[in-house]
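Quick notes on the structure that follows.
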Amino acid sequence: MNLANSRWTGLGVLALVLALLPLALPNNFYFDVANRIAINAIVAVGLNLLIGYAGQISMGHAGFFGLGGYVSAVLTANYGWPPLAALLVACVGVALLAYVVARPILRLKGHYLAMATLGLGMIVSIVITNESWLTGGPDGMVVPDFEVFGLRLYGEQTWYGVFAVLLVFAVWVALNIIDSPVGRALRAVHGSEVAAQVAGIDTTGYKVLVFVVSAVFATLVGSLSAHYGAFITPDKASFMHSVEFVTMVVVGGMASTFGAVVGAALLTLLPQVLSGLEDWEMVVFGLILMTSMIFMPRGLVPSLQARFTGGAR
Amino acid sequence: MSAMLEVAGLSKTFGGVKAVQDVSFSVAKGSIHSVIGPNGAGKTTLFNLITGVYTPSAGSIRLDGEEIGGMRPDVLATRGMNRTFQNLQICFNMSALENVLVGRHLHLDRSFFKAMFRLPAITRGDAAAREHAAGLMEFVGCGKHVRAQANSLSYGVLKRLEIARALAAEPRILLLDEPAAGLNPKETVEIDELIQKIAATGITVVLVEHDMKLVMHISDHILVLDYGRKLAEGTPAEVRANPDVIAAYLGAA
């Protein structure tokens, strides 16, 4: 009951904020920041299903994000594919890749799983950097506009509409998954793997499933963000970018979908806000993250929720 | 009464340690069957072998005539086997009720796409499952904790919650690993009554337990293990009179 109520309130608030935000954004620069927040938030919401709910770490999700972008970029720019077809191929292709690597990788736990996913992300990043005949190498490549059914998506404000709708959709889907037999199976894998197995849950199967789903979330927005940015470089698939995604989930609050959104917003905004500090930017940025983790170890949203409702949720 | 579970020549070695050696016994359908023995006798290992947590080194385990040795726990769950754990295995990241719902997994619609879009089949199934789970929590005696988070509950309540979770799967055979461990005498009596209530619904119960009073009171049949081997077997009266059992528990005269 509680969960159902908080779902609709949270989703309503998010939709309202996204609908009203354009009124408060003075120019395209701000729209661009908002778009980047939404892009990161969608990845974080998907990654949170894996990390926060199923308790499996991935240090390689930027690899999927980058793959999404590059598959779309290469297919549309080099081979003249329609962007929507390229997007679908990217999603299906990455889903297959994630499915194939997930089984051996997800046998590992904790630090070992982190290392394996890190390796996966690095392989993607290295391949993209080195295969310059296809990807333009470290210089990156130009990505054509996204066109679908004769409709051309262009400009920060149009894309804002796309990303806002997608974010609400992603949050809705994530909330649906969590509060279902599938979602409870995922959380049980986190809570007690052996108890989950005894209850009839194929734990390996569910780990693979959530890994693939979170990878597809990253691929989808990776592809769209490449079209949006009109240019893509290998750092989209870099290890640092993976770490950023994980940090968003952890700072916002593990096992909290809205936490992932807040975490993404915070980590995207902070560098903008702090850029006036010049040399001190990274120091202050780091300090803010450290203090937030010291005083709110469960992450922003769950900690604040507990403080205001006094409840455990 | 026909044998539901038949174990023959079952062994498990960990490196050089023979945790279970050549154990054979059978459990009659609808009975309460206890496994007792001193600490380290191999009781929990035996449970882990039967429920698929460990793979047997040798021997066979048959459930209704079908060989189940080495099957995964989640596969065994589909065959109607469920268990609880000596050291609690509760999902503390969920509410008490959701823990019981996890046990209901196999009876619910597990389609990912239906879950993604929260189709009516999911909402209806979940609503019914919640009601069923609340009923089970009532049945095991933790009905007043239906709205609680799992991490806010006491040890005794969690023991019952595990039983409720196991019952949610509607098992035909239920293995309880020390359900009374760590409970006070009053709670132990309540667990005693609960196990009998469970057995009365037709579920075959296999029990590992240290509380002799409880074991002697409710068991139809007792298997005694010592150093991984079968020491004795029989009705409570037979086991109580067996000199080997007395020697193992009290030391040889």
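Labels for the structure tokens follow display order: chains A, B, ..., residues from 1 in each chain, ligands from 1.
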
Running DSSP on the backbone, which parts of region 1-220 of chain A land in strand (DSSP E or B), as number ranges by chain?
A: 141-142, 146-148, 151-153

Among region 28-251 of chain B, which residues carry a DSSP assignment of helix (DSSP H, G or I), reported as a PyMOL selection string?
chain B and resi 43-50+73-78+96-103+105-107+112-116+120-140+143-145+150-152+155-168+185-200+212-218+236-241+243-250

Give as a PyMOL selection string every residue of chain A that touches chain B within 9 Å, counting only C-alpha atoms.
chain A and resi 53+172-185+187-203+255+312-313

Suppose you want the space between CA of Tyr79 (chain A) and CA of Glu156 (chain A); what is it in Å?
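Answer for the CA of Tyr79 (chain A) to CA of Glu156 (chain A) separation: 26.0 Å.
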
All residues 9 Å or closer to Gly52 (chain A), only C-alpha atoms, same chain fewer than 2 positions away omitted, as a list in words:
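Answer for this query is Leu47, Asn48, Leu49, Leu50, Ala54, Gly55, Gln56, Ile57, Arg187, His190, Val249, Val250, Gly253, Met254, Ala255, Ser256 and Thr257 of chain A.
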
Would you mind exporting the chosen residues as a PDB file, in the first residue's frame, restricted to C-alpha atoms?
```pdb
ATOM      1  CA  LEU A  47      21.999   0.728 -12.979  1.00  0.00           C
ATOM      2  CA  ASN A  48      20.239   1.050  -9.630  1.00  0.00           C
ATOM      3  CA  LEU A  49      18.128  -1.988 -10.507  1.00  0.00           C
ATOM      4  CA  LEU A  50      21.379  -3.930 -10.758  1.00  0.00           C
ATOM      5  CA  ALA A  54      19.886  -6.935  -6.948  1.00  0.00           C
ATOM      6  CA  GLY A  55      23.115  -6.100  -5.099  1.00  0.00           C
ATOM      7  CA  GLN A  56      25.442  -6.737  -8.063  1.00  0.00           C
ATOM      8  CA  ILE A  57      28.097  -4.156  -8.878  1.00  0.00           C
ATOM      9  CA  ARG A 187      15.765  -7.977  -4.037  1.00  0.00           C
ATOM     10  CA  HIS A 190      20.472  -9.218  -2.670  1.00  0.00           C
ATOM     11  CA  VAL A 249      23.513   5.565  -7.677  1.00  0.00           C
ATOM     12  CA  VAL A 250      25.425   5.402  -4.408  1.00  0.00           C
ATOM     13  CA  GLY A 253      20.691   6.207  -2.505  1.00  0.00           C
ATOM     14  CA  MET A 254      20.973   2.509  -3.260  1.00  0.00           C
ATOM     15  CA  ALA A 255      17.683   0.731  -3.802  1.00  0.00           C
ATOM     16  CA  SER A 256      15.877   4.015  -4.361  1.00  0.00           C
ATOM     17  CA  THR A 257      14.764   4.840  -7.883  1.00  0.00           C
TER      18      THR A 257
END
```

Between A:Val45, A:Leu75, A:Ala90, A:Val143, which one has atoms that come closest to Ser225 (chain A), using only C-alpha atoms?
A:Val143

Of the listed residues B:Thr13, B:Thr44, B:Ser26, B:Gln86, that which approaches Leu63 (chain B) most closely, counting only C-alpha atoms
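Ranked by minimum distance to Leu63 (chain B), first place goes to B:Ser26.
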
Residues near Gly156 (chain B), cut-off 10 Å, only C-alpha atoms, skip fewer than 2 positions along chain, as a CSV table (one decimal) with N, CA and C atoms, in the first residue's frame:
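As a result, part-v4.csv now contains:
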```csv
chain,number,residue,atom,x,y,z
B,142,CYS,N,2.9,-14.6,13.7
B,142,CYS,CA,3.5,-13.2,13.7
B,142,CYS,C,2.6,-12.3,12.9
B,153,LEU,N,12.4,-6.7,13.3
B,153,LEU,CA,11.8,-7.8,14.1
B,153,LEU,C,12.8,-8.6,14.9
B,154,SER,N,12.3,-9.2,16.0
B,154,SER,CA,13.2,-10.0,16.9
B,154,SER,C,13.5,-11.4,16.3
B,158,LEU,N,11.5,-13.7,13.6
B,158,LEU,CA,12.1,-14.0,12.3
B,158,LEU,C,12.1,-15.5,12.0
B,159,LYS,N,12.3,-16.3,13.1
B,159,LYS,CA,12.2,-17.8,12.9
B,159,LYS,C,10.9,-18.2,12.3
B,160,ARG,N,9.8,-17.6,12.9
B,160,ARG,CA,8.5,-17.9,12.4
B,160,ARG,C,8.3,-17.4,11.0
B,161,LEU,N,8.9,-16.2,10.7
B,161,LEU,CA,8.7,-15.6,9.4
B,161,LEU,C,9.3,-16.5,8.3
B,179,PRO,N,14.4,-25.2,14.3
B,179,PRO,CA,13.5,-24.1,14.4
B,179,PRO,C,13.4,-23.6,15.9
B,180,ALA,N,13.8,-24.3,16.8
B,180,ALA,CA,13.7,-23.9,18.2
B,180,ALA,C,15.0,-23.3,18.8
B,181,ALA,N,16.0,-23.3,18.0
B,181,ALA,CA,17.3,-22.9,18.5
B,181,ALA,C,17.2,-21.4,18.9
B,182,GLY,N,17.7,-21.1,20.1
B,182,GLY,CA,17.7,-19.7,20.5
B,182,GLY,C,16.4,-19.2,21.1
B,183,LEU,N,15.4,-20.1,21.2
B,183,LEU,CA,14.1,-19.6,21.7
B,183,LEU,C,14.0,-20.0,23.1
B,184,ASN,N,13.2,-19.2,23.8
B,184,ASN,CA,12.9,-19.5,25.3
B,184,ASN,C,11.9,-20.7,25.4
B,187,GLU,N,8.5,-20.0,23.9
B,187,GLU,CA,8.5,-20.0,22.4
B,187,GLU,C,8.7,-21.4,21.9
B,188,THR,N,9.5,-22.2,22.5
B,188,THR,CA,9.7,-23.5,22.0
B,188,THR,C,8.4,-24.3,22.0
B,191,ILE,N,6.5,-23.3,19.1
B,191,ILE,CA,7.0,-23.8,17.8
B,191,ILE,C,6.6,-25.3,17.7
```

Neighbour list for Met240 (chain A) as a ChimeraX atom specification, cut-off 12 Å, only C-alpha atoms, skip fewer than 3 positions in-chain:
/A:59-63,118,121-122,125,234-237,243-247

Quick one: everything within 12 Å of Phe29 (chain A), counting only C-alpha atoms, minus sequence neighbours fewer than 2 positions away in the same chain. Send it as a list in words.
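Those residues are Pro22, Leu25, Pro26, Asn27, Phe31, Asp32, Val33, Ala34, Asn35, Arg36, Gly155, Glu156, Gln157, Tyr160 and Gln272 of chain A.
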
Dump of C-alpha atoms for the selected residues, as a PDB file, in the first residue's frame:
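Once written, again-v8.pdb looks like this:
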```
ATOM      1  CA  PRO A  22      11.243  24.752 -19.138  1.00  0.00           C
ATOM      2  CA  LEU A  25      15.259  27.695 -17.894  1.00  0.00           C
ATOM      3  CA  PRO A  26      16.467  30.978 -19.434  1.00  0.00           C
ATOM      4  CA  ASN A  27      18.427  29.646 -22.406  1.00  0.00           C
ATOM      5  CA  PHE A  31      18.377  23.105 -21.330  1.00  0.00           C
ATOM      6  CA  ASP A  32      21.584  21.308 -22.192  1.00  0.00           C
ATOM      7  CA  VAL A  33      22.393  20.818 -18.509  1.00  0.00           C
ATOM      8  CA  ALA A  34      18.865  19.541 -17.900  1.00  0.00           C
ATOM      9  CA  ASN A  35      19.238  17.126 -20.809  1.00  0.00           C
ATOM     10  CA  ARG A  36      22.504  15.791 -19.470  1.00  0.00           C
ATOM     11  CA  GLY A 155      18.004  21.568 -30.668  1.00  0.00           C
ATOM     12  CA  GLU A 156      18.179  21.438 -26.890  1.00  0.00           C
ATOM     13  CA  GLN A 157      14.515  22.205 -26.300  1.00  0.00           C
ATOM     14  CA  TYR A 160      14.471  18.124 -23.594  1.00  0.00           C
ATOM     15  CA  GLN A 272      28.604  23.320 -13.250  1.00  0.00           C
TER      16      GLN A 272
END
```

What does the distance between CA of Ile61 (chain B) and CA of Val27 (chain B) come to in Å, to one decimal place?
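If I compute the distance from CA of Ile61 (chain B) to CA of Val27 (chain B), I get 11.2 Å.
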
Could you please determine the separation between CA of Ser72 (chain A) and CA of Val221 (chain A) in Å, to one decimal place?
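Separation of CA of Ser72 (chain A) and CA of Val221 (chain A): 10.9 Å.
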
Determine, counting only C-alpha atoms, which protein, DNA and RNA residues have an atom within 12 Å of an atom of Glu6 (chain B); residues of the same chain fewer than 6 positions away are not included. Present the result as a PyMOL selection string.
chain B and resi 23-29+50+59-69

Expected file: the selected residues, C-alpha atoms, as a PDB file, in the first residue's frame:
```
ATOM      1  CA  VAL B  23      23.707 -42.496   5.498  1.00  0.00           C
ATOM      2  CA  SER B  24      20.471 -44.226   4.507  1.00  0.00           C
ATOM      3  CA  PHE B  25      16.960 -43.582   5.745  1.00  0.00           C
ATOM      4  CA  SER B  26      13.498 -42.941   4.455  1.00  0.00           C
ATOM      5  CA  VAL B  27      10.829 -40.468   5.433  1.00  0.00           C
ATOM      6  CA  ALA B  28       7.197 -41.543   5.363  1.00  0.00           C
ATOM      7  CA  LYS B  29       4.665 -39.249   3.735  1.00  0.00           C
ATOM      8  CA  ILE B  50      18.875 -33.042   0.505  1.00  0.00           C
ATOM      9  CA  GLY B  59      24.760 -41.966  -2.801  1.00  0.00           C
ATOM     10  CA  SER B  60      21.261 -41.236  -3.917  1.00  0.00           C
ATOM     11  CA  ILE B  61      18.378 -39.065  -2.757  1.00  0.00           C
ATOM     12  CA  ARG B  62      14.940 -39.817  -4.118  1.00  0.00           C
ATOM     13  CA  LEU B  63      11.842 -37.704  -3.777  1.00  0.00           C
ATOM     14  CA  ASP B  64       8.721 -39.687  -4.703  1.00  0.00           C
ATOM     15  CA  GLY B  65      10.982 -42.110  -6.533  1.00  0.00           C
ATOM     16  CA  GLU B  66      12.726 -39.435  -8.607  1.00  0.00           C
ATOM     17  CA  GLU B  67      16.479 -39.022  -8.140  1.00  0.00           C
ATOM     18  CA  ILE B  68      17.081 -35.467  -6.921  1.00  0.00           C
ATOM     19  CA  GLY B  69      20.718 -35.638  -5.755  1.00  0.00           C
TER      20      GLY B  69
END
```

Restricting the calculation to only C-alpha atoms: of B:Ala133, B:Val206, B:Leu214, B:Ile173, which residue gets closest to Phe47 (chain B)?
B:Val206
